[in-house]
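Visitor: Okay, here's the structure, questions in a sec.
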Amino acid sequence: MGALKMRTYLTGMPECKLGLNDRVLLESQGKLGKGKSVELEDMKFHQCVRLARFENDRTISFVPPDGAFDLMTYRISSQVKPLIWIECTVNKSSRSRVEYLVKARSQFKERSAATNVEISIPVASDATAPVVRASQGSADYAPEREALVWKVKNFPGGKEFMLRAKFSLPSIAADEQQETGRKQPIQVKFEIPYFTVSGIQVRYLKVIEKSGYQALPWVRYITQSGEYEIRMN
C-alpha cells in the first residue's frame, strides 16, 4: 500500500497536474520503454481530483485544498522481499537459562539507509538478569512489553548486524514460558527516506495559475514499515 500525501500553500485556486510513471499512461503514449514504470492498482483519489479527466486520459488534475491531505492511495501486486530481514535463534543452554541470537540484514541498495529502526523480540514474561550485546545500536529489555527492544538509528543498505542476549528463567516454568515467547512474532519499525518500494516516481508536478505567480513544487519519497512482523524460529 502506498499514498501520495500533499501539503499545499497556494494563493487562489490554481489547477495542478501530476504525472506519474504509470504503466497504463506511458503505454498509451508510446513511452513504455523509456524508463521504469509501475502498474498501480486500487487507486483511490481525494475528492478534489477530476475523476472524469483521469478516466479519459489518466491525467491527475486537481484544485488542491489548503494544508495537508492524501491526494491518492494505491496498491501494487508485485512481490516485494522484506527490506529488513530478521533471523532469530533461541537456544536453551540449561533448564533456567535461555540465549537469543538475532541477525538483522538490510535487503535494499547500499545508497539508501533505514532510519529509526526498532526491532522488538518477544521474551518470556518472567525473564530476569538480561545480558545483552549488540554490534550496532542499543538494546534494552522492556519487561512491560515482554520484549527485548533493539534500536538502530541508521541502518545502511546491504549490511548485517547481530545481537546476543541471555536471560534467566524460573526453572519450574522455564519450558512453558520459553515456548510461549517463541510463538509471538518479531515486530520491526523503520523508515527509508528517498526510497520507494513500489518504484513509483513523480514525473512532473505543474501549478497552473492565470496570474502567473511562481510556485515551487517539492517532492520527497519515503518508505515506512507499517505493520511489519516476522515469525520466530
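Simple scheme: letters A, B, ... for chains in C-alpha cells order, numbers from 1 for residues in each chain, numbers from 1 for ligands in the order shown.
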Which polymer residues have any atom within 7 Å of an atom of stretch 196-204 of chain A, counting only C-alpha atoms, with same-chain residues fewer than 5 positions away left out, as a list in words?

Guide: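 Final neighbour list, sorted by chain and number: Leu18, Gly19, Leu20, Asn21, Val38, Ile76, Tyr221, Ile222 and Thr223 of chain A.
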
Visitor: Quick one: residues within 8 Å of A:Ser61, only C-alpha atoms, excluding same-chain residues fewer than 6 positions away - as an MDAnalysis selection string?

Guide: chainID A and resid 15:18 49:50 53:54

Visitor: What are the DSSP strand (DSSP E or B) residues of stretch 9-172 of chain A, as a ChimeraX atom specification?

Guide: /A:15-20,22,38,41-45,49,60-62,67-75,84-94,97-106,113-122,128-134,138-142,147-156,160-168

Visitor: As a compact mmCIF listing (two decimals) with C-alpha atoms, in the first residue's frame, please: the residues near A:Arg97 (cut-off 9 Å, only C-alpha atoms, same-chain neighbours under 4 positions excluded).

Guide:
# COMPACT_ATOMS: atom_id res chain seq x y z
CA ASN A 91 18.91 -21.74 22.47
CA LYS A 92 18.12 -23.24 25.83
CA SER A 93 21.54 -23.58 27.45
CA LYS A 166 20.95 -14.13 27.69
CA PHE A 167 18.15 -14.38 30.23
CA SER A 168 17.44 -16.34 33.37
CA LEU A 169 14.07 -18.06 33.77
CA PRO A 170 12.44 -19.67 36.81
CA SER A 171 13.34 -23.35 36.35
CA ALA A 174 11.09 -22.26 32.03

Visitor: Fewer than 6 positions away in the same chain doesn't count, so skip those; otherwise give me all residues within 9 Å of stretch 24-29 of chain A, counting only C-alpha atoms, as a ChimeraX atom specification.

Guide: /A:37-40,57-59

Visitor: Mind pulling up the distance from atom CA of A:Met1 to atom CA of A:Phe62?

Guide: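 Atom CA of A:Met1 lies 22.2 Å from atom CA of A:Phe62.
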
Visitor: Residues within 7 Å of A:Gly2, please, as a PyMOL selection string. Count only C-alpha atoms; anything in the same chain fewer than 4 positions from it doesn't count.

Guide: chain A and resi 73-75

Visitor: Quick one: residues within 7 Å of A:Asn154, only C-alpha atoms, excluding same-chain residues fewer than 4 positions away - as a list in words?

Guide: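 My list of contacting residues is Ala113, Ala114, Thr115 and Asn116 of chain A.
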
Visitor: Here is a test: counting only C-alpha atoms, which residue of A:Ala165, A:Ile186, A:Ala142, A:Ile121 is nearest to A:Tyr228?

Guide: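 Under the stated criterion, the closest residue is A:Ile186.
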